[in-house]
Amino acid sequence: MIDRLTGRLERIEAGEAIVVPAGGFIALVVLVPGYLAERLESQIGRDVTLWTHLILESQNQGASFSPRLMGFGSATERAFFMLFTTVKGVGPRKALRAMAAEPSEIARAIAAHDTKKLTQLPEIGKRMAETVVAELDGKVAKYVGADDLDEALSEASQRAAAGSLPGEARKAQAALMALGETPADAESMVRRALALEPAPATSDELIRAAYQVGRP
């Protein structure tokens, strides 16, 4: 296991950092996320230290494996990456491509339940953003500054309050979620249905209206 490496940064190219350790006998190709590639541009020609994570990628349908070394700016940033990869559907490569923003910024968006912000990251669509928030909520505090965390939690609270639905509408949303809709899609369908049935007698009426209007 390679924990970290230090060497002269020769160049940054297409998400790859070429690092030459002391002695100059070898040059290592290290895959780096977008936020770090931008940060390292000003360090070309200088010594840098990268905290690393080694993976084996399957080739030819698993018949052979190729090592890939990934690098991060600190042990904390690497730890966030490792946490990110625990989300269902997010592997190491996808997580690396998605981390175009600083880990602290991504963590703040998760803490704030800001799925819109997360969808601005590469590889992260609406449903994946909701999955990331659902699975990592409560696990990212250590990656957010104290002041930012308080602000993020306040935003999450305000967002939840603004998004609350009345009684029958909440029942309709829960039913739609039980039928396979995501929380965000279910809420959106219910809100659009309320335009057709402003005062539904039962949640069933609202569910029927929701399927009439469909998803946005």
# chains A, B, ... in the order shown; residues from 1 in each chain; ligands from 1

$ residues_around --residues "A:Leu176" --least-positions-apart "3" --cutoff "10 Å" --atoms "only C-alpha atoms" --output "tab-separated table (two decimals) with N, CA, C and O atoms, in the first residue's frame"
chain	number	residue	atom	x	y	z
A	170	ARG	N	-48.78	14.94	2.36
A	170	ARG	CA	-47.66	14.13	2.87
A	170	ARG	C	-47.95	12.64	2.70
A	170	ARG	O	-47.07	11.85	2.37
A	171	LYS	N	-49.21	12.25	2.94
A	171	LYS	CA	-49.60	10.86	2.76
A	171	LYS	C	-49.45	10.45	1.29
A	171	LYS	O	-48.97	9.35	0.98
A	172	ALA	N	-49.83	11.35	0.39
A	172	ALA	CA	-49.72	11.07	-1.05
A	172	ALA	C	-48.26	10.93	-1.44
A	172	ALA	O	-47.89	10.04	-2.22
A	173	GLN	N	-47.42	11.81	-0.91
A	173	GLN	CA	-45.99	11.74	-1.22
A	173	GLN	C	-45.41	10.41	-0.75
A	173	GLN	O	-44.65	9.75	-1.47
A	179	LEU	N	-44.27	3.56	-4.17
A	179	LEU	CA	-44.46	3.03	-5.52
A	179	LEU	C	-43.21	3.20	-6.39
A	179	LEU	O	-43.23	2.89	-7.57
A	180	GLY	N	-42.14	3.72	-5.79
A	180	GLY	CA	-40.86	3.78	-6.50
A	180	GLY	C	-40.37	5.16	-6.88
A	180	GLY	O	-39.27	5.30	-7.44
A	181	GLU	N	-41.16	6.21	-6.59
A	181	GLU	CA	-40.71	7.56	-6.92
A	181	GLU	C	-39.66	8.03	-5.90
A	181	GLU	O	-39.71	7.63	-4.74
A	182	THR	N	-38.73	8.88	-6.33
A	182	THR	CA	-37.77	9.46	-5.40
A	182	THR	C	-38.50	10.50	-4.54
A	182	THR	O	-39.57	11.00	-4.94
A	183	PRO	N	-37.96	10.83	-3.35
A	183	PRO	CA	-38.62	11.86	-2.52
A	183	PRO	C	-38.85	13.17	-3.27
A	183	PRO	O	-39.92	13.77	-3.15
A	185	ASP	N	-39.05	13.70	-6.62
A	185	ASP	CA	-40.05	13.55	-7.68
A	185	ASP	C	-41.45	13.44	-7.09
A	185	ASP	O	-42.41	14.00	-7.62
A	186	ALA	N	-41.56	12.68	-5.99
A	186	ALA	CA	-42.87	12.51	-5.36
A	186	ALA	C	-43.41	13.85	-4.87
A	186	ALA	O	-44.60	14.17	-5.07
A	187	GLU	N	-42.55	14.63	-4.25
A	187	GLU	CA	-42.99	15.95	-3.76
A	187	GLU	C	-43.39	16.85	-4.91
A	187	GLU	O	-44.41	17.55	-4.85
A	189	MET	N	-44.46	15.97	-7.90
A	189	MET	CA	-45.73	15.50	-8.47
A	189	MET	C	-46.92	15.93	-7.61
A	189	MET	O	-47.95	16.35	-8.12
A	190	VAL	N	-46.74	15.83	-6.29
A	190	VAL	CA	-47.83	16.21	-5.38
A	190	VAL	C	-48.11	17.70	-5.47
A	190	VAL	O	-49.27	18.13	-5.51
A	207	ILE	N	-53.21	11.37	-5.28
A	207	ILE	CA	-52.33	10.44	-6.00
A	207	ILE	C	-52.78	10.31	-7.45
A	207	ILE	O	-51.98	10.32	-8.38
A	210	ALA	N	-51.80	13.33	-9.20
A	210	ALA	CA	-50.35	13.35	-9.39
A	210	ALA	C	-49.94	12.57	-10.62
A	210	ALA	O	-49.06	12.99	-11.38
A	211	TYR	N	-50.57	11.42	-10.84
A	211	TYR	CA	-50.23	10.64	-12.02
A	211	TYR	C	-50.78	11.24	-13.30
A	211	TYR	O	-50.28	10.98	-14.39

$ select_by_dssp --residues "chain A" --states "strand (DSSP E or B)" --output "ChimeraX atom specification"
/A:4-13,16-21,28-31,47-59,64-72

$ write_last_selection --atoms "C-alpha atoms" --output "PDB file, in the first residue's frame"
ATOM      1  CA  ARG A   4       1.765   9.060   0.032  1.00  0.00           C
ATOM      2  CA  LEU A   5       4.523  10.154  -2.305  1.00  0.00           C
ATOM      3  CA  THR A   6       6.696  13.219  -2.680  1.00  0.00           C
ATOM      4  CA  GLY A   7       8.422  14.261  -5.872  1.00  0.00           C
ATOM      5  CA  ARG A   8       8.799  16.924  -8.523  1.00  0.00           C
ATOM      6  CA  LEU A   9       5.599  17.663 -10.390  1.00  0.00           C
ATOM      7  CA  GLU A  10       6.574  17.411 -14.047  1.00  0.00           C
ATOM      8  CA  ARG A  11       3.201  18.216 -15.584  1.00  0.00           C
ATOM      9  CA  ILE A  12      -0.594  18.017 -15.266  1.00  0.00           C
ATOM     10  CA  GLU A  13      -2.436  16.595 -18.230  1.00  0.00           C
ATOM     11  CA  GLU A  16      -3.092  12.996 -14.568  1.00  0.00           C
ATOM     12  CA  ALA A  17      -0.183  14.322 -12.534  1.00  0.00           C
ATOM     13  CA  ILE A  18       3.271  13.143 -13.575  1.00  0.00           C
ATOM     14  CA  VAL A  19       5.426  13.025 -10.446  1.00  0.00           C
ATOM     15  CA  VAL A  20       9.154  12.251 -10.424  1.00  0.00           C
ATOM     16  CA  PRO A  21      10.421  11.096  -6.998  1.00  0.00           C
ATOM     17  CA  LEU A  28       4.685   8.060 -11.674  1.00  0.00           C
ATOM     18  CA  VAL A  29       1.295   8.733 -13.252  1.00  0.00           C
ATOM     19  CA  VAL A  30      -1.155   9.771 -10.552  1.00  0.00           C
ATOM     20  CA  LEU A  31      -4.852  10.323 -11.278  1.00  0.00           C
ATOM     21  CA  ASP A  47       8.134  19.219  -5.148  1.00  0.00           C
ATOM     22  CA  VAL A  48       4.636  18.177  -4.104  1.00  0.00           C
ATOM     23  CA  THR A  49       3.245  15.578  -1.707  1.00  0.00           C
ATOM     24  CA  LEU A  50       0.169  13.575  -2.641  1.00  0.00           C
ATOM     25  CA  TRP A  51      -1.770  11.273  -0.336  1.00  0.00           C
ATOM     26  CA  THR A  52      -2.540   8.251  -2.454  1.00  0.00           C
ATOM     27  CA  HIS A  53      -5.012   5.437  -2.946  1.00  0.00           C
ATOM     28  CA  LEU A  54      -4.229   2.461  -5.164  1.00  0.00           C
ATOM     29  CA  ILE A  55      -6.969   0.606  -7.042  1.00  0.00           C
ATOM     30  CA  LEU A  56      -6.945  -2.291  -9.488  1.00  0.00           C
ATOM     31  CA  GLU A  57      -9.091  -1.810 -12.573  1.00  0.00           C
ATOM     32  CA  SER A  58     -10.306  -4.868 -14.426  1.00  0.00           C
ATOM     33  CA  GLN A  59      -9.434  -5.229 -18.082  1.00  0.00           C
ATOM     34  CA  SER A  64      -6.603  -8.989 -15.976  1.00  0.00           C
ATOM     35  CA  PHE A  65      -6.130  -5.983 -13.728  1.00  0.00           C
ATOM     36  CA  SER A  66      -4.197  -2.737 -14.091  1.00  0.00           C
ATOM     37  CA  PRO A  67      -3.046  -0.673 -11.092  1.00  0.00           C
ATOM     38  CA  ARG A  68      -4.191   2.933 -10.924  1.00  0.00           C
ATOM     39  CA  LEU A  69      -2.749   5.368  -8.388  1.00  0.00           C
ATOM     40  CA  MET A  70      -5.006   8.216  -7.272  1.00  0.00           C
ATOM     41  CA  GLY A  71      -3.704  11.277  -5.437  1.00  0.00           C
ATOM     42  CA  PHE A  72      -5.184  13.848  -3.070  1.00  0.00           C
TER      43      PHE A  72
END

$ atom_distance --atom1 "atom CA of A:Ala175" --atom2 "atom CA of A:Lys126"
20.6 Å

$ residues_around --residues "A:Leu121" --least-positions-apart "4" --cutoff "12 Å" --atoms "only C-alpha atoms" --output "VMD selection string"
chain A and resid 33 to 35 94 to 103 105 to 106 109 115 to 117 125 to 126 128 to 129

$ atom_distance --atom1 "atom CA of A:Leu36" --atom2 "atom CA of A:Ile110"
19.9 Å

$ atom_distance --atom1 "atom CA of A:Val132" --atom2 "atom CA of A:Val144"
16.0 Å

$ select_by_dssp --residues "stretch 3-183 of chain A" --states "alpha helix (DSSP H)" --output "VMD selection string"
chain A and resid 34 to 40 75 to 84 92 to 98 103 to 111 115 to 118 126 to 136 146 to 162 167 to 178 183
